[in-house]
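Structure record follows, encoded as structure tokens.
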Amino acid sequence: MTTRAFQELQSLKQIVIKDAWPYSVGAVMLGLLNIVIFIYFASPWGVTTAFVFWGAWIYQLFGGHPETWSFFTLQPAMMESLKAGILVHSESIADIGLVVGAFLAAAAAAQFRIKKIKSARQVVGALSGGLLMGYGARLALGCNIGAYFSGIASMAANGWVFGICIFFGAYIGSKILVKYLM
Amino acid sequence: MAEISIDALGEACPIPLLKIQKKWPDLKTGDVLIINIDHSCALKNIPEWARKEGHNVEVEEVEEGVWDIYIEKTA
């Protein structure tokens, strides 16, 4: 290989694998991905509904009976997925793929590391934030992907309602962040 | 020409940038601020902010997934 070709390859590697992509490229990729998912799964992309199932399956392992919950009894399609298990649950598979993909991307860029916990405040913030977001995602019938991103892309009104509400939520959240985590 | 360091290892965005902005008024022209980060998104928004403000920025990858960002206050 000539020196020139090697340099070109190095700079290509730097741009594609190491550096962060521009937001516009990310936006286009997400749009394309949503089209692929919509064609393949016959439903828009979602992330957090799968966590309901993960919780339910774990609860079943410990002898619980989530199949009596109205979430499943009132929604026959959900009940069917609950009985079918994780291996044929497309949203769960997509979520696992997301984590594996993020790991591979970080590893390929040689940026993967186990981060240390900075403070007790960080732990409290992360756990309470996670609980609030999970609870909110259930109330809103989806998260920023299922309700917001997929909602707006599908011309669904709930996506816009989610967008307006998340604006106020993020405003309050950033005030809390500056006050307690700085 | 003072050097001020901020340890932001383990801090997620946007906290590293907010820490810089909080410290920034204490710096005089010519001073250099060094922030140690391990969140790749800070690698994007910190240089972006500093360059927009017209300051000199240099980034050094000190180990895998850990960077030092040097910002020189120009005015």
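Identifiers for the structure tokens are assigned positionally: chains receive A, B, ... in sequence, residues are indexed from 1 per chain, and ligands are indexed from 1 in the order shown.
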task: Using only C-alpha atoms, find the residues of chain A whose closest atom to chain B is at most 6 Å away, then write them as a VMD selection string.
output: chain A and resid 110 to 111 115 to 116 118
Closest pair table for region 136-171 of chain A residues within 12 Å of region 176-182 of chain A, only C-alpha atoms, as a Markdown table:
```
| residue | atom | partner | partner_atom | distance |
| --- | --- | --- | --- | --- |
| A:Gly169 | CA | A:Ile176 | CA | 10.6 |
| A:Ala170 | CA | A:Ile176 | CA | 9.7 |
| A:Tyr171 | CA | A:Ile176 | CA | 8.9 |
```
Export of the given selection (C-alpha atoms) as a tab-separated table (two decimals), in the first residue's frame:
```tsv
chain	number	residue	atom	x	y	z
A	169	GLY	CA	-39.68	18.71	31.79
A	170	ALA	CA	-36.18	19.25	30.39
A	171	TYR	CA	-36.26	22.89	31.55
```
Contacts of Asn34 (chain A) within 10 Å, only C-alpha atoms, excl. fewer than 6 positions in-chain, as a list in words: Val28, Tyr40, Ser43, Pro44, Trp45, Gly46, Ile145, Phe149, Ser150 and Ala153 of chain A
Could those selected residues go to a file with N, CA and C atoms, as a short mmCIF file (atom, residue, chain, number, x, y, z; two decimals), in the first residue's frame?
```
data_model
loop_
_atom_site.label_atom_id
_atom_site.label_comp_id
_atom_site.auth_asym_id
_atom_site.auth_seq_id
_atom_site.Cartn_x
_atom_site.Cartn_y
_atom_site.Cartn_z
N VAL A 28 -30.29 11.58 9.93
CA VAL A 28 -30.63 10.84 8.71
C VAL A 28 -30.59 9.33 8.97
N TYR A 40 -39.86 -3.93 8.75
CA TYR A 40 -39.50 -5.26 9.25
C TYR A 40 -40.41 -5.72 10.39
N SER A 43 -44.32 -2.14 12.92
CA SER A 43 -44.72 -1.15 13.91
C SER A 43 -43.54 -0.19 14.09
N PRO A 44 -43.83 1.05 14.51
CA PRO A 44 -42.71 1.99 14.66
C PRO A 44 -41.76 1.56 15.77
N TRP A 45 -40.58 2.15 15.75
CA TRP A 45 -39.55 1.82 16.73
C TRP A 45 -39.99 2.24 18.13
N GLY A 46 -39.74 1.37 19.10
CA GLY A 46 -39.99 1.69 20.51
C GLY A 46 -38.89 1.05 21.34
N ILE A 145 -38.37 7.75 22.23
CA ILE A 145 -38.34 7.06 20.94
C ILE A 145 -39.76 6.63 20.54
N PHE A 149 -40.31 10.37 18.96
CA PHE A 149 -39.68 10.17 17.65
C PHE A 149 -40.61 9.42 16.69
N SER A 150 -41.09 8.25 17.13
CA SER A 150 -41.96 7.46 16.25
C SER A 150 -43.32 8.11 16.09
N ALA A 153 -43.01 11.01 13.61
CA ALA A 153 -42.75 10.44 12.28
C ALA A 153 -44.00 9.79 11.70
#
```
message: Taking only region 4-68 of chain B into account, list the residues labelled strand (DSSP E) by DSSP (computed from the backbone), as a ChimeraX atom specification.
response: /B:4-8,32-37,56-63,66-68
Same residues, C-alpha atoms, saved as a short mmCIF file (atom, residue, chain, number, x, y, z; two decimals), in the first residue's frame:
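And here is the file that came out, selection-v5.cif:
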```cif
data_model
loop_
_atom_site.label_atom_id
_atom_site.label_comp_id
_atom_site.auth_asym_id
_atom_site.auth_seq_id
_atom_site.Cartn_x
_atom_site.Cartn_y
_atom_site.Cartn_z
CA ILE B 4 -6.45 25.72 36.22
CA SER B 5 -7.46 22.05 36.20
CA ILE B 6 -10.92 20.55 36.46
CA ASP B 7 -11.42 16.85 37.12
CA ALA B 8 -14.59 15.79 35.33
CA VAL B 32 -5.19 27.96 30.46
CA LEU B 33 -7.95 25.71 31.71
CA ILE B 34 -7.43 21.95 31.52
CA ILE B 35 -10.40 19.66 31.90
CA ASN B 36 -10.04 15.90 32.22
CA ILE B 37 -13.07 14.08 30.75
CA ASN B 56 -7.79 28.43 21.54
CA VAL B 57 -8.58 24.77 22.05
CA GLU B 58 -6.42 21.68 22.02
CA VAL B 59 -7.48 18.10 22.70
CA GLU B 60 -5.23 15.30 23.83
CA GLU B 61 -6.29 11.68 24.24
CA VAL B 62 -4.40 10.71 27.40
CA GLU B 63 -5.61 7.10 27.46
CA VAL B 66 -9.99 9.74 28.41
CA TRP B 67 -9.15 13.20 27.17
CA ASP B 68 -7.56 16.42 28.37
#
```
task: With a distance cut-off of 12 Å and only C-alpha atoms, select the neighbouring residues of Ile152 (chain A), excluding the residue or stretch itself and same-chain residues fewer than 2 positions from it, and output the selection as number ranges by chain.
output: A: 31, 34, 44-45, 144-150, 154-164
task: Could you check how far CA of Gly173 (chain A) sits from CA of Gly129 (chain A), in Å to one decimal?
output: 9.3 Å
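Picture a line from CA of Ala77 (chain A) to CA of Val100 (chain A); it runs 27.3 Å.
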Would you mind writing down, as a PDB file with N, CA and C atoms, in the first residue's frame, each residue of chain B that DSSP on the backbone assigns to helix (DSSP H, G or I)?
```
ATOM      1  N   ILE B  15     -22.542  18.268  32.400  1.00  0.00           N
ATOM      2  CA  ILE B  15     -21.872  18.770  33.604  1.00  0.00           C
ATOM      3  C   ILE B  15     -20.441  19.270  33.335  1.00  0.00           C
ATOM      4  N   PRO B  16     -19.609  18.556  32.537  1.00  0.00           N
ATOM      5  CA  PRO B  16     -18.259  19.095  32.301  1.00  0.00           C
ATOM      6  C   PRO B  16     -18.265  20.518  31.727  1.00  0.00           C
ATOM      7  N   LEU B  17     -19.136  20.763  30.760  1.00  0.00           N
ATOM      8  CA  LEU B  17     -19.202  22.100  30.157  1.00  0.00           C
ATOM      9  C   LEU B  17     -19.701  23.127  31.179  1.00  0.00           C
ATOM     10  N   LEU B  18     -20.696  22.740  31.966  1.00  0.00           N
ATOM     11  CA  LEU B  18     -21.227  23.667  32.977  1.00  0.00           C
ATOM     12  C   LEU B  18     -20.159  24.018  34.004  1.00  0.00           C
ATOM     13  N   LYS B  19     -19.309  23.026  34.339  1.00  0.00           N
ATOM     14  CA  LYS B  19     -18.231  23.284  35.299  1.00  0.00           C
ATOM     15  C   LYS B  19     -17.247  24.303  34.750  1.00  0.00           C
ATOM     16  N   ILE B  20     -16.957  24.195  33.449  1.00  0.00           N
ATOM     17  CA  ILE B  20     -16.052  25.161  32.824  1.00  0.00           C
ATOM     18  C   ILE B  20     -16.675  26.551  32.865  1.00  0.00           C
ATOM     19  N   GLN B  21     -17.946  26.616  32.483  1.00  0.00           N
ATOM     20  CA  GLN B  21     -18.606  27.917  32.411  1.00  0.00           C
ATOM     21  C   GLN B  21     -18.686  28.587  33.784  1.00  0.00           C
ATOM     22  N   LYS B  22     -18.788  27.771  34.837  1.00  0.00           N
ATOM     23  CA  LYS B  22     -18.834  28.304  36.195  1.00  0.00           C
ATOM     24  C   LYS B  22     -17.473  28.883  36.592  1.00  0.00           C
ATOM     25  N   LYS B  23     -16.403  28.200  36.168  1.00  0.00           N
ATOM     26  CA  LYS B  23     -15.045  28.580  36.532  1.00  0.00           C
ATOM     27  C   LYS B  23     -14.528  29.732  35.669  1.00  0.00           C
ATOM     28  N   TRP B  24     -15.094  29.870  34.474  1.00  0.00           N
ATOM     29  CA  TRP B  24     -14.552  30.732  33.441  1.00  0.00           C
ATOM     30  C   TRP B  24     -14.318  32.190  33.871  1.00  0.00           C
ATOM     31  N   PRO B  25     -15.250  32.806  34.619  1.00  0.00           N
ATOM     32  CA  PRO B  25     -15.033  34.210  35.002  1.00  0.00           C
ATOM     33  C   PRO B  25     -13.779  34.423  35.859  1.00  0.00           C
ATOM     34  N   ASP B  26     -13.294  33.371  36.553  1.00  0.00           N
ATOM     35  CA  ASP B  26     -12.090  33.494  37.395  1.00  0.00           C
ATOM     36  C   ASP B  26     -10.800  33.557  36.577  1.00  0.00           C
ATOM     37  N   SER B  40     -17.535  11.083  25.816  1.00  0.00           N
ATOM     38  CA  SER B  40     -17.185  11.541  24.466  1.00  0.00           C
ATOM     39  C   SER B  40     -18.045  12.711  24.011  1.00  0.00           C
ATOM     40  N   CYS B  41     -19.238  12.877  24.586  1.00  0.00           N
ATOM     41  CA  CYS B  41     -20.076  13.995  24.152  1.00  0.00           C
ATOM     42  C   CYS B  41     -19.499  15.333  24.607  1.00  0.00           C
ATOM     43  N   ALA B  42     -18.748  15.312  25.725  1.00  0.00           N
ATOM     44  CA  ALA B  42     -18.072  16.537  26.186  1.00  0.00           C
ATOM     45  C   ALA B  42     -16.939  16.905  25.233  1.00  0.00           C
ATOM     46  N   LEU B  43     -16.444  15.889  24.526  1.00  0.00           N
ATOM     47  CA  LEU B  43     -15.376  16.099  23.554  1.00  0.00           C
ATOM     48  C   LEU B  43     -15.895  16.926  22.378  1.00  0.00           C
ATOM     49  N   LYS B  44     -17.228  16.894  22.207  1.00  0.00           N
ATOM     50  CA  LYS B  44     -17.849  17.644  21.118  1.00  0.00           C
ATOM     51  C   LYS B  44     -18.296  19.029  21.611  1.00  0.00           C
ATOM     52  N   ASN B  45     -19.039  19.048  22.738  1.00  0.00           N
ATOM     53  CA  ASN B  45     -19.643  20.333  23.101  1.00  0.00           C
ATOM     54  C   ASN B  45     -18.677  21.324  23.750  1.00  0.00           C
ATOM     55  N   ILE B  46     -17.606  20.833  24.414  1.00  0.00           N
ATOM     56  CA  ILE B  46     -16.666  21.772  25.036  1.00  0.00           C
ATOM     57  C   ILE B  46     -15.848  22.529  23.976  1.00  0.00           C
ATOM     58  N   PRO B  47     -15.165  21.821  23.028  1.00  0.00           N
ATOM     59  CA  PRO B  47     -14.452  22.570  21.985  1.00  0.00           C
ATOM     60  C   PRO B  47     -15.389  23.464  21.159  1.00  0.00           C
ATOM     61  N   GLU B  48     -16.611  22.981  20.916  1.00  0.00           N
ATOM     62  CA  GLU B  48     -17.581  23.765  20.152  1.00  0.00           C
ATOM     63  C   GLU B  48     -17.870  25.101  20.843  1.00  0.00           C
ATOM     64  N   TRP B  49     -18.120  25.016  22.147  1.00  0.00           N
ATOM     65  CA  TRP B  49     -18.412  26.217  22.938  1.00  0.00           C
ATOM     66  C   TRP B  49     -17.197  27.159  22.951  1.00  0.00           C
ATOM     67  N   ALA B  50     -15.996  26.575  23.224  1.00  0.00           N
ATOM     68  CA  ALA B  50     -14.793  27.393  23.368  1.00  0.00           C
ATOM     69  C   ALA B  50     -14.428  28.094  22.054  1.00  0.00           C
ATOM     70  N   ARG B  51     -14.560  27.367  20.944  1.00  0.00           N
ATOM     71  CA  ARG B  51     -14.213  27.964  19.643  1.00  0.00           C
ATOM     72  C   ARG B  51     -15.213  29.043  19.270  1.00  0.00           C
ATOM     73  N   LYS B  52     -16.487  28.827  19.628  1.00  0.00           N
ATOM     74  CA  LYS B  52     -17.512  29.826  19.334  1.00  0.00           C
ATOM     75  C   LYS B  52     -17.228  31.114  20.112  1.00  0.00           C
TER      76      LYS B  52
END
```
- request: Check the smallest atom-to-atom distance from each of A:Ile114, A:Ala126, A:Ala108, A:Ala120 to Lys18 (chain A) using only C-alpha atoms, then report the winner.
  value: A:Ala108
